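Asker: Below you'll find input_29.tsv; it's TSV, C-alpha atoms.
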```tsv
chain	number	residue	atom	x	y	z
A	1052	MET	CA	15.95	20.76	31.91
A	1053	SER	CA	13.41	23.51	31.42
A	1054	TYR	CA	9.63	23.65	31.37
A	1055	THR	CA	9.70	24.43	27.64
A	1056	THR	CA	11.83	21.37	26.87
A	1057	ILE	CA	9.51	19.06	28.82
A	1058	LEU	CA	6.47	20.70	27.21
A	1059	ALA	CA	7.90	20.07	23.74
A	1060	GLU	CA	8.41	16.39	24.59
A	1061	ILE	CA	4.87	16.04	25.93
A	1062	LYS	CA	3.53	17.60	22.73
A	1063	GLU	CA	5.64	15.23	20.62
A	1064	GLU	CA	4.43	12.19	22.56
A	1065	LEU	CA	0.79	13.34	22.45
A	1066	SER	CA	0.99	14.06	18.71
A	1067	ALA	CA	2.18	10.48	18.10
A	1068	ALA	CA	-0.98	8.90	19.57
A	1069	SER	CA	-3.08	7.06	17.00
A	1070	GLY	CA	-6.20	9.05	16.06
A	1071	ILE	CA	-5.04	12.25	17.71
A	1072	GLY	CA	-6.26	15.51	16.23
A	1073	THR	CA	-4.94	19.03	16.65
A	1074	VAL	CA	-2.45	19.42	19.52
A	1075	HIS	CA	-1.73	22.78	21.15
A	1076	ASP	CA	1.17	23.16	23.60
A	1077	TYR	CA	-0.75	25.70	25.67
A	1078	GLU	CA	-4.33	26.42	26.71
A	1079	ARG	CA	-6.26	27.90	23.80
A	1080	TRP	CA	-9.22	30.15	24.53
A	1081	CYS	CA	-11.88	31.67	22.32
A	1082	ASN	CA	-15.24	33.36	22.67
A	1083	ASN	CA	-17.10	32.33	19.50
A	1084	GLN	CA	-17.97	29.21	17.54
A	1085	ALA	CA	-15.84	30.01	14.49
A	1086	ASP	CA	-12.67	30.42	16.57
A	1087	PHE	CA	-13.46	27.26	18.55
A	1088	GLU	CA	-13.80	25.27	15.34
A	1089	THR	CA	-10.58	26.74	13.94
A	1090	LEU	CA	-8.68	25.73	17.09
A	1091	TYR	CA	-10.17	22.29	17.76
A	1092	LYS	CA	-11.54	20.86	14.51
A	1093	SER	CA	-9.61	18.14	12.72
A	1094	GLY	CA	-11.31	17.43	9.43
A	1095	SER	CA	-15.05	17.53	10.12
A	1096	THR	CA	-14.73	16.46	13.77
A	1097	ILE	CA	-13.84	18.29	16.95
A	1098	ASN	CA	-10.65	16.48	18.01
A	1099	GLY	CA	-8.35	18.88	19.81
A	1100	TRP	CA	-5.91	18.66	22.69
A	1101	THR	CA	-4.13	21.18	24.92
A	1102	ILE	CA	-1.25	20.93	27.39
A	1103	THR	CA	-0.64	23.18	30.37
A	1104	ARG	CA	1.27	23.10	33.65
A	1105	SER	CA	-0.97	23.18	36.71
A	1106	ASN	CA	1.84	23.34	39.29
A	1107	SER	CA	5.54	22.86	39.98
A	1108	LEU	CA	6.33	21.71	43.50
A	1109	GLN	CA	9.97	21.48	44.58
A	1110	ASP	CA	11.92	19.35	47.04
A	1111	TRP	CA	15.53	18.99	48.14
A	1112	ASP	CA	17.34	15.68	48.07
A	1113	ALA	CA	19.84	14.66	50.79
A	1114	ALA	CA	22.57	16.78	49.17
A	1115	GLN	CA	20.16	19.73	48.96
A	1116	HIS	CA	19.88	19.60	45.19
A	1117	VAL	CA	16.51	20.77	43.91
A	1118	TRP	CA	13.95	18.41	42.38
A	1119	ARG	CA	11.11	20.14	40.52
A	1120	ASN	CA	7.94	18.07	40.35
A	1121	TYR	CA	5.76	19.26	37.49
A	1122	THR	CA	2.09	18.45	37.11
A	1123	PHE	CA	0.86	18.86	33.54
A	1124	VAL	CA	-2.77	18.67	32.48
A	1125	VAL	CA	-3.60	17.36	29.02
A	1126	ARG	CA	-7.15	18.23	27.97
A	1127	GLY	CA	-8.99	16.47	25.16
A	1128	TYR	CA	-12.09	17.57	23.21
A	1129	TYR	CA	-13.89	15.19	20.82
A	1130	SER	CA	-17.21	15.48	18.97
A	1131	LEU	CA	-19.97	13.40	20.54
A	1132	ASP	CA	-22.17	11.45	18.12
A	1133	ASP	CA	-24.17	8.69	19.82
A	1134	SER	CA	-25.15	7.06	16.52
A	1135	ALA	CA	-21.45	6.67	15.66
A	1136	ALA	CA	-20.55	5.33	19.15
A	1137	THR	CA	-17.94	8.07	19.62
A	1138	GLU	CA	-17.81	7.19	23.32
A	1139	LYS	CA	-15.87	4.05	22.37
A	1140	THR	CA	-13.60	5.98	20.00
A	1141	PHE	CA	-12.81	8.62	22.61
A	1142	GLN	CA	-12.17	6.04	25.35
A	1143	ALA	CA	-9.73	4.22	23.04
A	1144	LEU	CA	-8.04	7.54	22.24
A	1145	ILE	CA	-7.65	8.30	25.96
A	1146	ASP	CA	-6.02	4.87	26.46
A	1147	SER	CA	-3.70	5.48	23.51
A	1148	VAL	CA	-2.61	8.83	24.93
A	1149	MET	CA	-2.07	7.44	28.45
A	1150	ASN	CA	-0.22	4.36	27.17
A	1151	GLY	CA	2.15	6.60	25.22
A	1152	PHE	CA	2.95	8.66	28.29
A	1153	ASP	CA	3.27	5.66	30.60
A	1154	THR	CA	5.84	3.90	28.40
A	1155	LYS	CA	8.09	6.98	28.32
A	1156	VAL	CA	9.62	6.72	31.79
A	1157	THR	CA	12.68	8.87	31.11
A	1158	TRP	CA	12.40	12.20	29.37
A	1159	GLU	CA	15.06	14.47	27.89
A	1160	GLY	CA	17.97	15.24	30.19
A	1161	THR	CA	17.32	14.56	33.86
A	1162	ALA	CA	13.52	14.36	33.85
A	1163	THR	CA	11.61	11.20	34.76
A	1164	LEU	CA	7.97	10.21	34.87
A	1165	GLY	CA	6.81	10.73	38.46
A	1166	GLY	CA	4.18	8.00	38.22
A	1167	PRO	CA	1.68	6.72	35.69
A	1168	SER	CA	-0.64	9.19	33.96
A	1169	GLN	CA	-4.02	9.67	35.62
A	1170	LEU	CA	-7.40	10.22	33.97
A	1171	MET	CA	-8.87	12.84	36.29
A	1172	ILE	CA	-12.02	13.85	34.38
A	1173	GLN	CA	-13.97	12.22	31.56
A	1174	GLU	CA	-17.38	13.73	30.87
A	1175	HIS	CA	-19.54	15.48	28.27
A	1176	ARG	CA	-19.52	19.26	27.81
A	1177	MET	CA	-20.98	21.80	25.42
A	1178	PHE	CA	-18.62	24.13	23.56
A	1179	PHE	CA	-20.28	26.73	21.32
A	1180	GLY	CA	-23.10	24.42	20.28
A	1181	HIS	CA	-20.87	21.34	20.00
A	1182	LEU	CA	-21.63	18.50	22.38
A	1183	CYS	CA	-18.22	16.97	23.09
A	1184	HIS	CA	-16.49	14.27	25.03
A	1185	TYR	CA	-14.02	16.00	27.36
A	1186	CYS	CA	-11.15	14.65	29.45
A	1187	GLU	CA	-8.29	15.78	31.64
A	1188	ILE	CA	-5.22	13.59	31.96
A	1189	GLU	CA	-2.70	14.44	34.65
A	1190	LEU	CA	0.96	13.80	34.02
A	1191	ARG	CA	3.62	14.16	36.72
A	1192	ILE	CA	7.23	14.64	35.68
A	1193	SER	CA	10.16	15.13	38.08
A	1194	ASP	CA	13.28	16.98	37.05
A	1195	TYR	CA	16.59	17.20	38.84
A	1196	LEU	CA	17.81	20.79	38.66
A	1197	LEU	CA	21.54	21.41	38.62
A	1198	VAL	CA	21.42	23.85	41.50
A	1199	THR	CA	22.43	23.39	45.11
A	1200	VAL	CA	21.04	25.28	48.07
A	1201	ASN	CA	23.70	27.66	49.38
A	1202	ASP	CA	23.46	27.85	53.16
A	1203	THR	CA	26.38	30.16	53.88
A	1204	ALA	CA	24.38	32.95	55.50
A	1205	ASN	CA	25.63	32.06	59.02
```
Once more with this new file: its structure as structure tokens, please.
Answerer:
Amino acid sequence: MSYTTILAEIKEELSAASGIGTVHDYERWCNNQADFETLYKSGSTINGWTITRSNSLQDWDAAQHVWRNYTFVVRGYYSLDDSAATEKTFQALIDSVMNGFDTKVTWEGTATLGGPSQLMIQEHRMFFGHLCHYCEIELRISDYLLVTVNDTAN
């Protein structure tokens, strides 16, 4: 299974979460307010999500087949409005996202969830004049690669 196949599945699962906004399957960057709003606004609210791979560590099993252990980071951005109690809305959205990932133990092909999703950061940040809730959810997925180490150099 490839990185792009796993990425597509993560995007599909994330997009299915109740209340989710715009989902991007890579890190989106901008340097002005108009572009930020185009990328992360859903209706009149900032509600955008990105997915990226932070690392891919590999191991051999006893037969020297390769296991690739991906770590993906899912980032969420949501408009903060204290009078509307958006803290509660965003926390529920985080739970919905994590629950979706945690119930999908097996992924396409040979990939499996390497453990439950982890909320690594949940805080408030400013983005181009928008005060937002922000989170980072870590997702570990292990994939058995159909390659074997060839040790015939001796």
Asker: Quick one: of A:Thr1073, A:Thr1157, A:Thr1140, A:Ser1105, who's nearest to Lys1092 in chain A, counting all atoms listed in the file?
Answerer: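 Checking each candidate against Lys1092 in chain A, we get A:Thr1073 as the closest.
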Asker: Extract, using all atoms listed in the file, all DNA, RNA and protein residues at most 12 Å from Ala1085 in chain A, discarding same-chain residues fewer than 4 positions from it, and format them as a list in words.
Answerer: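 My list of contacting residues is Cys1081, Thr1089, Leu1090, Tyr1091, Lys1092, Phe1178, Phe1179, Gly1180 and His1181 of chain A.
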Asker: May I ask which of the residues A:Asn1106, A:Ser1168, A:Ser1130, A:Ser1147 is the closest one to Glu1088 in chain A, counting all atoms listed in the file?
Answerer: A:Ser1130
Asker: Which residues of range 1086-1200 of chain A come within 9 Å of range 1058-1064 of chain A, and what is each one's closest atom pair and distance in Å (one decimal), counting all atoms listed in the file, sorted by chain and residue number, as CSV?
Answerer:
```
residue,atom,partner,partner_atom,distance
A:Thr1101,CA,A:Lys1062,CA,8.7
A:Ile1102,CA,A:Lys1062,CA,7.5
A:Thr1103,CA,A:Leu1058,CA,8.2
A:Arg1104,CA,A:Leu1058,CA,8.6
A:Phe1123,CA,A:Leu1058,CA,8.7
A:Val1148,CA,A:Glu1064,CA,8.2
A:Gly1151,CA,A:Glu1064,CA,6.6
A:Phe1152,CA,A:Glu1064,CA,6.9
A:Lys1155,CA,A:Glu1064,CA,8.6
A:Trp1158,CA,A:Glu1060,CA,7.5
A:Glu1159,CA,A:Glu1060,CA,7.7
```
Asker: CA of Thr1122 in chain A and CA of Thr1096 in chain A are how many Å apart?
Answerer: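 Computing it gives 28.8 Å between the two atoms.
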Asker: As JSON, numbers by chain, please: the residues near Asp1153 in chain A (cut-off 8 Å, only C-alpha atoms, same-chain neighbours under 4 positions excluded).
Answerer: {"A": [1149, 1164, 1167, 1168]}
Asker: Leu1196 in chain A: which residues within 12 Å, counting all atoms listed in the file, same-chain residues fewer than 4 positions away excluded, as a list in words?
Answerer: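 Skipping anything fewer than 4 positions along the chain leaves Met1052, Ser1053, Tyr1054, Gln1109, Asp1110, Trp1111, Asp1112, Gln1115, His1116, Val1117, Trp1118, Arg1119, Asn1120, Gly1160, Thr1161, Ala1162 and Val1200 of chain A.
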Asker: Determine, counting all atoms listed in the file, which protein, DNA and RNA residues have an atom within 12 Å of an atom of Gly1070 in chain A; residues of the same chain fewer than 5 positions away are not included. Present the result as a list in words.
Answerer: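 That gives Leu1065, Ser1093, Gly1094, Thr1096, Asn1098, Gly1099, Trp1100, Tyr1129, Thr1140, Phe1141, Gln1142, Ala1143, Leu1144, Ile1145, Asp1146, Ser1147 and Val1148 of chain A.
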Asker: Neighbours of Met1177 in chain A within 12 Å (only C-alpha atoms; same-chain residues fewer than 4 positions away dropped), as a PyMOL selection string?
Answerer: chain A and resi 1084+1087+1097+1128-1131+1181-1185
Asker: Could you check how far CA of Thr1163 in chain A sits from CA of Asp1194 in chain A, in Å to one decimal?
Answerer: 6.4 Å
Asker: When you count only C-alpha atoms, which of these residues is closest to Ser1193 in chain A: A:Val1156, A:Val1124, A:Ala1136, A:Ala1068?
Answerer: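 For Ser1193 in chain A, the nearest of the given residues is A:Val1156.
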Asker: Quick one, how far is CA of Thr1137 in chain A from CA of Glu1174 in chain A?
Answerer: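 Separation between CA of Thr1137 in chain A and CA of Glu1174 in chain A: 12.6 Å.
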Asker: Could you work out an axis-aligned bounding box for all listed atoms of range 1073-1082 of chain A, with 4 Å added on each of the six sides, and give its centre and edge lengths in Å to one decimal, as JSON?
Answerer:
```
{"center_x": -7.0, "center_y": 26.2, "center_z": 21.7, "size_x": 24.4, "size_y": 22.3, "size_z": 18.1}
```
